[in-house]
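Structure file structure-v7.pdb (PDB, C-alpha atoms, pLDDT in the B column) is printed below.
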MODEL        1
ATOM      1  CA  MET R   1      42.516 127.860 -43.932  1.00 39.00           C
ATOM      2  CA  GLU R   2      43.225 130.780 -41.602  1.00 52.00           C
ATOM      3  CA  VAL R   3      46.538 130.643 -39.740  1.00 57.00           C
ATOM      4  CA  PHE R   4      46.598 132.097 -36.243  1.00 68.00           C
ATOM      5  CA  LEU R   5      49.729 133.590 -34.759  1.00 75.00           C
ATOM      6  CA  THR R   6      50.989 132.450 -31.369  1.00 81.00           C
ATOM      7  CA  ASN R   7      51.123 134.960 -28.539  1.00 80.00           C
ATOM      8  CA  SER R   8      54.925 135.198 -29.043  1.00 85.00           C
ATOM      9  CA  GLU R   9      54.483 135.971 -32.726  1.00 87.00           C
ATOM     10  CA  LEU R  10      51.840 138.587 -31.899  1.00 88.00           C
ATOM     11  CA  TYR R  11      54.239 140.184 -29.414  1.00 88.00           C
ATOM     12  CA  ASN R  12      56.935 140.330 -32.105  1.00 88.00           C
ATOM     13  CA  GLN R  13      54.510 141.792 -34.615  1.00 88.00           C
ATOM     14  CA  LEU R  14      53.404 144.481 -32.174  1.00 90.00           C
ATOM     15  CA  THR R  15      57.002 145.384 -31.269  1.00 87.00           C
ATOM     16  CA  LEU R  16      58.072 145.507 -34.913  1.00 89.00           C
ATOM     17  CA  HIS R  17      55.126 147.782 -35.671  1.00 89.00           C
ATOM     18  CA  PHE R  18      56.467 150.265 -33.119  1.00 89.00           C
ATOM     19  CA  TRP R  19      59.984 150.152 -34.617  1.00 85.00           C
ATOM     20  CA  GLN R  20      60.298 153.211 -36.871  1.00 79.00           C
ATOM     21  CA  GLU R  21      63.471 154.643 -38.358  1.00 72.00           C
ATOM     22  CA  GLU R  22      65.844 152.924 -35.914  1.00 77.00           C
ATOM     23  CA  GLU R  23      63.856 153.685 -32.777  1.00 80.00           C
ATOM     24  CA  LEU R  24      60.762 152.518 -30.959  1.00 81.00           C
ATOM     25  CA  VAL R  25      57.825 154.905 -31.157  1.00 88.00           C
ATOM     26  CA  PHE R  26      55.028 153.977 -28.791  1.00 92.00           C
ATOM     27  CA  PRO R  27      51.513 155.406 -28.995  1.00 93.00           C
ATOM     28  CA  GLU R  28      50.491 157.497 -26.001  1.00 94.00           C
ATOM     29  CA  THR R  29      47.966 154.859 -24.891  1.00 95.00           C
ATOM     30  CA  TYR R  30      50.568 152.046 -24.776  1.00 96.00           C
ATOM     31  CA  ALA R  31      51.909 150.977 -21.370  1.00 95.00           C
ATOM     32  CA  GLY R  32      53.643 147.717 -22.279  1.00 94.00           C
ATOM     33  CA  ALA R  33      52.858 144.153 -23.228  1.00 93.00           C
ATOM     34  CA  PHE R  34      53.754 140.692 -21.996  1.00 92.00           C
ATOM     35  CA  LEU R  35      52.827 137.058 -22.501  1.00 90.00           C
ATOM     36  CA  GLU R  36      50.564 135.243 -20.062  1.00 90.00           C
ATOM     37  CA  ASP R  37      49.432 131.687 -20.688  1.00 87.00           C
ATOM     38  CA  ASP R  38      48.200 131.637 -24.297  1.00 87.00           C
ATOM     39  CA  TYR R  39      47.452 135.363 -24.449  1.00 90.00           C
ATOM     40  CA  LEU R  40      49.222 138.574 -25.335  1.00 91.00           C
ATOM     41  CA  ILE R  41      48.436 141.051 -22.578  1.00 93.00           C
ATOM     42  CA  ILE R  42      48.521 144.657 -23.798  1.00 94.00           C
ATOM     43  CA  LEU R  43      48.532 147.368 -21.151  1.00 96.00           C
ATOM     44  CA  VAL R  44      46.770 150.571 -22.193  1.00 97.00           C
ATOM     45  CA  THR R  45      45.858 153.833 -20.501  1.00 97.00           C
ATOM     46  CA  ASP R  46      42.331 153.792 -21.902  1.00 95.00           C
ATOM     47  CA  ASP R  47      40.137 151.101 -23.417  1.00 93.00           C
ATOM     48  CA  SER R  48      38.065 153.222 -25.757  1.00 95.00           C
ATOM     49  CA  GLN R  49      36.924 151.619 -28.996  1.00 95.00           C
ATOM     50  CA  GLU R  50      39.387 153.820 -30.890  1.00 95.00           C
ATOM     51  CA  THR R  51      42.308 152.551 -28.806  1.00 94.00           C
ATOM     52  CA  LEU R  52      41.305 148.885 -29.058  1.00 93.00           C
ATOM     53  CA  SER R  53      40.737 149.205 -32.818  1.00 93.00           C
ATOM     54  CA  TYR R  54      44.255 150.605 -33.213  1.00 93.00           C
ATOM     55  CA  TYR R  55      45.764 147.423 -31.720  1.00 93.00           C
ATOM     56  CA  PHE R  56      43.341 145.060 -33.484  1.00 91.00           C
ATOM     57  CA  ASN R  57      44.281 146.684 -36.805  1.00 91.00           C
ATOM     58  CA  ILE R  58      47.926 145.833 -36.124  1.00 90.00           C
ATOM     59  CA  LEU R  59      47.303 142.281 -34.920  1.00 90.00           C
ATOM     60  CA  SER R  60      43.806 141.013 -35.879  1.00 85.00           C
ATOM     61  CA  GLU R  61      40.441 141.037 -34.170  1.00 84.00           C
ATOM     62  CA  ASP R  62      40.636 137.267 -33.666  1.00 84.00           C
ATOM     63  CA  ALA R  63      44.036 137.401 -31.962  1.00 84.00           C
ATOM     64  CA  PRO R  64      44.278 136.056 -28.391  1.00 89.00           C
ATOM     65  CA  ILE R  65      44.675 139.495 -26.787  1.00 90.00           C
ATOM     66  CA  ILE R  66      43.621 140.734 -23.378  1.00 93.00           C
ATOM     67  CA  PHE R  67      43.676 144.465 -22.683  1.00 95.00           C
ATOM     68  CA  ARG R  68      44.333 145.774 -19.180  1.00 96.00           C
ATOM     69  CA  VAL R  69      43.924 149.418 -18.246  1.00 97.00           C
ATOM     70  CA  VAL R  70      46.696 151.042 -16.190  1.00 97.00           C
ATOM     71  CA  ASN R  71      47.355 154.612 -15.081  1.00 97.00           C
ATOM     72  CA  TYR R  72      50.564 155.559 -16.915  1.00 96.00           C
ATOM     73  CA  SER R  73      51.820 155.127 -20.465  1.00 96.00           C
ATOM     74  CA  TYR R  74      55.253 153.688 -21.199  1.00 95.00           C
ATOM     75  CA  ASN R  75      56.289 157.032 -22.715  1.00 95.00           C
ATOM     76  CA  TYR R  76      55.282 158.927 -19.569  1.00 95.00           C
ATOM     77  CA  LEU R  77      57.080 156.508 -17.236  1.00 95.00           C
ATOM     78  CA  LEU R  78      60.241 156.564 -19.323  1.00 92.00           C
ATOM     79  CA  GLU R  79      60.306 160.370 -19.502  1.00 93.00           C
ATOM     80  CA  LEU R  80      59.547 160.716 -15.791  1.00 92.00           C
ATOM     81  CA  GLY R  81      62.224 158.195 -14.879  1.00 91.00           C
ATOM     82  CA  GLU R  82      64.875 159.652 -17.152  1.00 89.00           C
ATOM     83  CA  ASN R  83      64.306 163.073 -15.617  1.00 90.00           C
ATOM     84  CA  ALA R  84      64.616 161.541 -12.143  1.00 90.00           C
ATOM     85  CA  LEU R  85      67.947 159.906 -13.058  1.00 90.00           C
ATOM     86  CA  TYR R  86      69.601 163.331 -13.290  1.00 89.00           C
ATOM     87  CA  ASN R  87      69.293 163.562  -9.490  1.00 87.00           C
ATOM     88  CA  PHE R  88      71.656 160.653  -8.857  1.00 89.00           C
ATOM     89  CA  THR R  89      75.397 160.168  -9.273  1.00 87.00           C
ATOM     90  CA  SER R  90      75.380 156.741  -7.644  1.00 80.00           C
ATOM     91  CA  PRO R  91      75.762 153.671  -9.856  1.00 82.00           C
ATOM     92  CA  ILE R  92      72.198 152.521 -10.512  1.00 84.00           C
ATOM     93  CA  TRP R  93      69.974 149.980 -12.174  1.00 86.00           C
ATOM     94  CA  TRP R  94      66.875 151.414 -13.786  1.00 90.00           C
ATOM     95  CA  GLY R  95      63.989 150.562 -16.055  1.00 90.00           C
ATOM     96  CA  VAL R  96      60.246 150.629 -16.609  1.00 93.00           C
ATOM     97  CA  ASP R  97      58.426 147.904 -14.689  1.00 93.00           C
ATOM     98  CA  ILE R  98      55.432 147.300 -16.911  1.00 92.00           C
ATOM     99  CA  LEU R  99      53.713 144.909 -14.493  1.00 93.00           C
ATOM    100  CA  GLU R 100      53.768 147.399 -11.644  1.00 93.00           C
ATOM    101  CA  ASN R 101      53.278 150.373 -14.007  1.00 95.00           C
ATOM    102  CA  HIS R 102      56.090 152.422 -12.502  1.00 93.00           C
ATOM    103  CA  PHE R 103      59.734 153.317 -13.074  1.00 93.00           C
ATOM    104  CA  ASN R 104      62.307 151.419 -10.984  1.00 92.00           C
ATOM    105  CA  ILE R 105      65.552 152.929  -9.729  1.00 91.00           C
ATOM    106  CA  THR R 106      67.928 150.795  -7.663  1.00 91.00           C
ATOM    107  CA  LEU R 107      70.723 152.749  -5.963  1.00 90.00           C
ATOM    108  CA  ASP R 108      74.082 151.426  -4.815  1.00 88.00           C
ATOM    109  CA  LEU R 109      73.919 150.934  -1.067  1.00 85.00           C
ATOM    110  CA  ASN R 110      77.730 151.026  -0.827  1.00 86.00           C
ATOM    111  CA  TYR R 111      78.000 154.413  -2.515  1.00 85.00           C
ATOM    112  CA  GLU R 112      78.288 157.131   0.130  1.00 84.00           C
ATOM    113  CA  ALA R 113      76.060 159.676  -1.576  1.00 87.00           C
ATOM    114  CA  SER R 114      73.174 157.260  -2.360  1.00 89.00           C
ATOM    115  CA  LEU R 115      71.193 157.836   0.814  1.00 88.00           C
ATOM    116  CA  LEU R 116      71.653 161.606   0.721  1.00 89.00           C
ATOM    117  CA  GLU R 117      70.689 161.750  -2.966  1.00 89.00           C
ATOM    118  CA  TYR R 118      67.622 159.626  -2.225  1.00 89.00           C
ATOM    119  CA  GLN R 119      66.590 161.925   0.647  1.00 87.00           C
ATOM    120  CA  ASN R 120      67.098 165.058  -1.469  1.00 87.00           C
ATOM    121  CA  PHE R 121      65.125 163.588  -4.350  1.00 87.00           C
ATOM    122  CA  SER R 122      62.327 162.465  -2.017  1.00 85.00           C
ATOM    123  CA  LEU R 123      62.042 165.906  -0.424  1.00 83.00           C
ATOM    124  CA  ASN R 124      62.208 167.851  -3.680  1.00 80.00           C
ATOM    125  CA  SER R 125      59.979 165.685  -5.846  1.00 78.00           C
ATOM    126  CA  ASP R 126      57.127 164.554  -3.591  1.00 74.00           C
ATOM    127  CA  LEU R 127      58.154 160.968  -4.324  1.00 70.00           C
ATOM    128  CA  GLY R 128      55.040 159.529  -2.693  1.00 73.00           C
ATOM    129  CA  THR R 129      52.849 160.794  -5.532  1.00 84.00           C
ATOM    130  CA  LEU R 130      55.119 159.716  -8.410  1.00 87.00           C
ATOM    131  CA  PRO R 131      55.066 156.276 -10.066  1.00 93.00           C
ATOM    132  CA  ILE R 132      58.750 155.791  -9.211  1.00 91.00           C
ATOM    133  CA  ALA R 133      60.026 153.017  -6.960  1.00 90.00           C
ATOM    134  CA  ILE R 134      63.487 153.509  -5.440  1.00 89.00           C
ATOM    135  CA  SER R 135      65.356 150.732  -3.686  1.00 89.00           C
ATOM    136  CA  PHE R 136      68.927 149.969  -2.626  1.00 89.00           C
ATOM    137  CA  SER R 137      71.248 147.083  -3.447  1.00 86.00           C
ATOM    138  CA  GLU R 138      74.762 146.104  -2.435  1.00 83.00           C
ATOM    139  CA  GLN R 139      75.281 144.197  -5.684  1.00 73.00           C
ATOM    140  CA  ILE R 140      75.636 147.236  -7.926  1.00 67.00           C
ATOM    141  CA  ALA R 141      79.118 148.026  -6.600  1.00 53.00           C
ATOM    142  CA  GLU R 142      80.290 144.618  -7.836  1.00 54.00           C
ATOM    143  CA  LYS R 143      79.579 145.616 -11.421  1.00 50.00           C
ATOM    144  CA  GLU R 144      82.103 147.505 -13.506  1.00 44.00           C
ATOM    145  CA  ALA R 145      79.521 150.015 -14.710  1.00 41.00           C
ATOM    146  CA  PRO R 146      75.874 150.878 -14.103  1.00 41.00           C
ATOM    147  CA  VAL R 147      73.587 148.241 -15.554  1.00 40.00           C
ATOM    148  CA  MET R 148      70.119 148.566 -17.003  1.00 40.00           C
ATOM    149  CA  GLU R 149      67.602 146.108 -15.656  1.00 39.00           C
ATOM    150  CA  MET R 150      63.978 145.573 -16.545  1.00 40.00           C
ATOM    151  CA  GLN R 151      61.529 143.185 -14.962  1.00 38.00           C
ATOM    152  CA  ILE R 152      59.210 141.462 -17.393  1.00 38.00           C
ATOM    153  CA  GLU R 153      56.860 138.773 -16.084  1.00 35.00           C
ATOM    154  CA  GLU R 154      58.800 136.815 -13.464  1.00 35.00           C
ATOM    155  CA  PHE R 155      62.164 137.077 -15.181  1.00 36.00           C
ATOM    156  CA  TYR R 156      64.954 139.572 -14.730  1.00 36.00           C
ATOM    157  CA  TYR R 157      66.972 140.435 -17.814  1.00 36.00           C
ATOM    158  CA  VAL R 158      70.256 142.113 -17.049  1.00 39.00           C
ATOM    159  CA  GLU R 159      72.654 143.426 -19.653  1.00 37.00           C
ATOM    160  CA  GLU R 160      75.765 141.404 -18.910  1.00 39.00           C
ATOM    161  CA  ASP R 161      77.967 138.733 -20.451  1.00 39.00           C
ATOM    162  CA  PHE R 162      76.676 135.164 -20.415  1.00 38.00           C
ATOM    163  CA  GLN R 163      77.347 131.892 -22.203  1.00 40.00           C
ATOM    164  CA  ALA R 164      74.422 131.504 -24.612  1.00 40.00           C
ATOM    165  CA  GLU R 165      75.439 127.963 -25.594  1.00 41.00           C
ATOM    166  CA  GLU R 166      74.916 126.801 -21.993  1.00 42.00           C
ATOM    167  CA  LEU R 167      71.293 127.948 -21.879  1.00 45.00           C
ATOM    168  CA  GLU R 168      68.224 126.211 -23.201  1.00 52.00           C
ATOM    169  CA  LEU R 169      66.110 129.114 -24.432  1.00 53.00           C
ATOM    170  CA  SER R 170      62.375 128.789 -24.937  1.00 58.00           C
ATOM    171  CA  PRO R 171      60.681 130.888 -27.640  1.00 60.00           C
ATOM    172  CA  THR R 172      59.128 133.086 -24.942  1.00 59.00           C
ATOM    173  CA  VAL R 173      62.511 133.834 -23.356  1.00 58.00           C
ATOM    174  CA  ILE R 174      63.983 134.614 -26.782  1.00 62.00           C
ATOM    175  CA  VAL R 175      61.106 137.000 -27.627  1.00 59.00           C
ATOM    176  CA  LEU R 176      61.338 138.746 -24.272  1.00 61.00           C
ATOM    177  CA  SER R 177      65.129 138.982 -24.524  1.00 63.00           C
ATOM    178  CA  LEU R 178      64.944 140.529 -27.991  1.00 62.00           C
ATOM    179  CA  THR R 179      62.295 142.963 -26.820  1.00 64.00           C
ATOM    180  CA  PHE R 180      64.457 143.942 -23.858  1.00 63.00           C
ATOM    181  CA  ILE R 181      67.405 144.589 -26.167  1.00 67.00           C
ATOM    182  CA  ILE R 182      65.216 146.776 -28.381  1.00 65.00           C
ATOM    183  CA  LEU R 183      63.979 148.705 -25.317  1.00 64.00           C
ATOM    184  CA  VAL R 184      67.545 149.181 -24.061  1.00 60.00           C
ATOM    185  CA  ILE R 185      68.594 150.594 -27.436  1.00 64.00           C
ATOM    186  CA  TYR R 186      65.525 152.839 -27.505  1.00 61.00           C
ATOM    187  CA  SER R 187      66.137 154.114 -23.963  1.00 60.00           C
ATOM    188  CA  PHE R 188      69.753 154.973 -24.645  1.00 56.00           C
ATOM    189  CA  HIS R 189      68.721 156.614 -27.934  1.00 58.00           C
ATOM    190  CA  VAL R 190      66.200 158.809 -26.061  1.00 57.00           C
ATOM    191  CA  LEU R 191      68.788 159.741 -23.439  1.00 55.00           C
ATOM    192  CA  ARG R 192      71.333 160.620 -26.134  1.00 57.00           C
ATOM    193  CA  LYS R 193      68.793 162.863 -27.902  1.00 58.00           C
ATOM    194  CA  ARG R 194      68.144 164.814 -24.675  1.00 53.00           C
ATOM    195  CA  LYS R 195      71.791 165.668 -24.060  1.00 51.00           C
TER     196      LYS R 195
ENDMDL
END
Mind turning this structure into C-alpha cells?
Amino acid sequence: MEVFLTNSELYNQLTLHFWQEEELVFPETYAGAFLEDDYLIILVTDDSQETLSYYFNILSEDAPIIFRVVNYSYNYLLELGENALYNFTSPIWWGVDILENHFNITLDLNYEASLLEYQNFSLNSDLGTLPIAISFSEQIAEKEAPVMEMQIEEFYYVEEDFQAEELELSPTVIVLSLTFIILVIYSFHVLRKRK
C-alpha cells in the first residue's frame, strides 16, 4: 500500500532537501513554497519540464503539488534586498514576501533619517522598477533591536519572545515556524559571508 505524504510533510521534505552543509541552497528557479488547502504550492520562475521534473524527483509525481510561475527567484530577491539594506541606518524589519514575490523593507517612522534615506534610495535606485516594497511603521522603535519579519500565507512570524506553552499550535503553524527559523538562519549566514 502506497503512503502519501501530507502537504506539510512535503513542505518539510522540500525544505530539508535544500538544507546543505548548515545552510539553505535554493535552485535558481525556486521562488518559495507555501501550503494552501490540501496542496503544496511551489513558486518557480519557469515551468519547463526540466524544472518540474527536478521538484517531482524530490517529492514524487503523485504528490499534491501546484506550481505557480512568478517573475523573481528567492535567491534574486534576497540578494537584491540585502544590497538595498546597506542604504539604511534606520531600525528596520525586512524579509522576502513569497506571496507578493518581492522584498519587504519596513522603516522606523520615528527615526529621523528614515524619510531622507528612503528618498535617497528611491532616487538612486529607480525603486519603481525593483521588486522591493518599502513602508513605514511606528512600532519598530518600541523594539530593542531591529527585527526580521516574513509574511507567509496570512500569518506574520516575528522573531521575538513568546510563551509557547500558552499557544495551541497546529502542524501547519509548526512547519511554517520551523521554515521561518531556517530562513532567518540562512539570511543571517548570507549576510555574514558578505561582510
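Selection around (45.4, 136.0, -25.7) with radius 10 Å, counting all atoms listed in the file, yields the residues Thr6, Asn7, Leu10, Leu35, Glu36, Asp37, Asp38, Tyr39, Leu40, Ile41, Ile42, Asp62, Ala63, Pro64, Ile65, Ile66 and Phe67 of chain R.
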Legend entry - Selection dump of the PyMOL selection byres ((chain R and resi 134) around 6), as JSON, numbers by chain: {"R": [105, 106, 133, 135]}
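Rounded to one decimal, atom CA of R:Ser53 and atom CA of R:Ser8 lie 20.3 Å from each other.
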Inset, instruction - Identify which of the residues R:Tyr54, R:Phe103, R:Phe34, R:Phe136 lies closest to R:Pro91, counting only C-alpha atoms when measuring atom-to-atom distances. - result: R:Phe136
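Among R:Thr89, R:Ser122, R:Ser48, R:Ser60, the residue with the shortest atom-to-atom distance to R:Leu5, counting all atoms listed in the file, is R:Ser60.
When atom CA of R:Glu28 is paired with atom CA of R:Leu85, their separation reads 21.9 Å.
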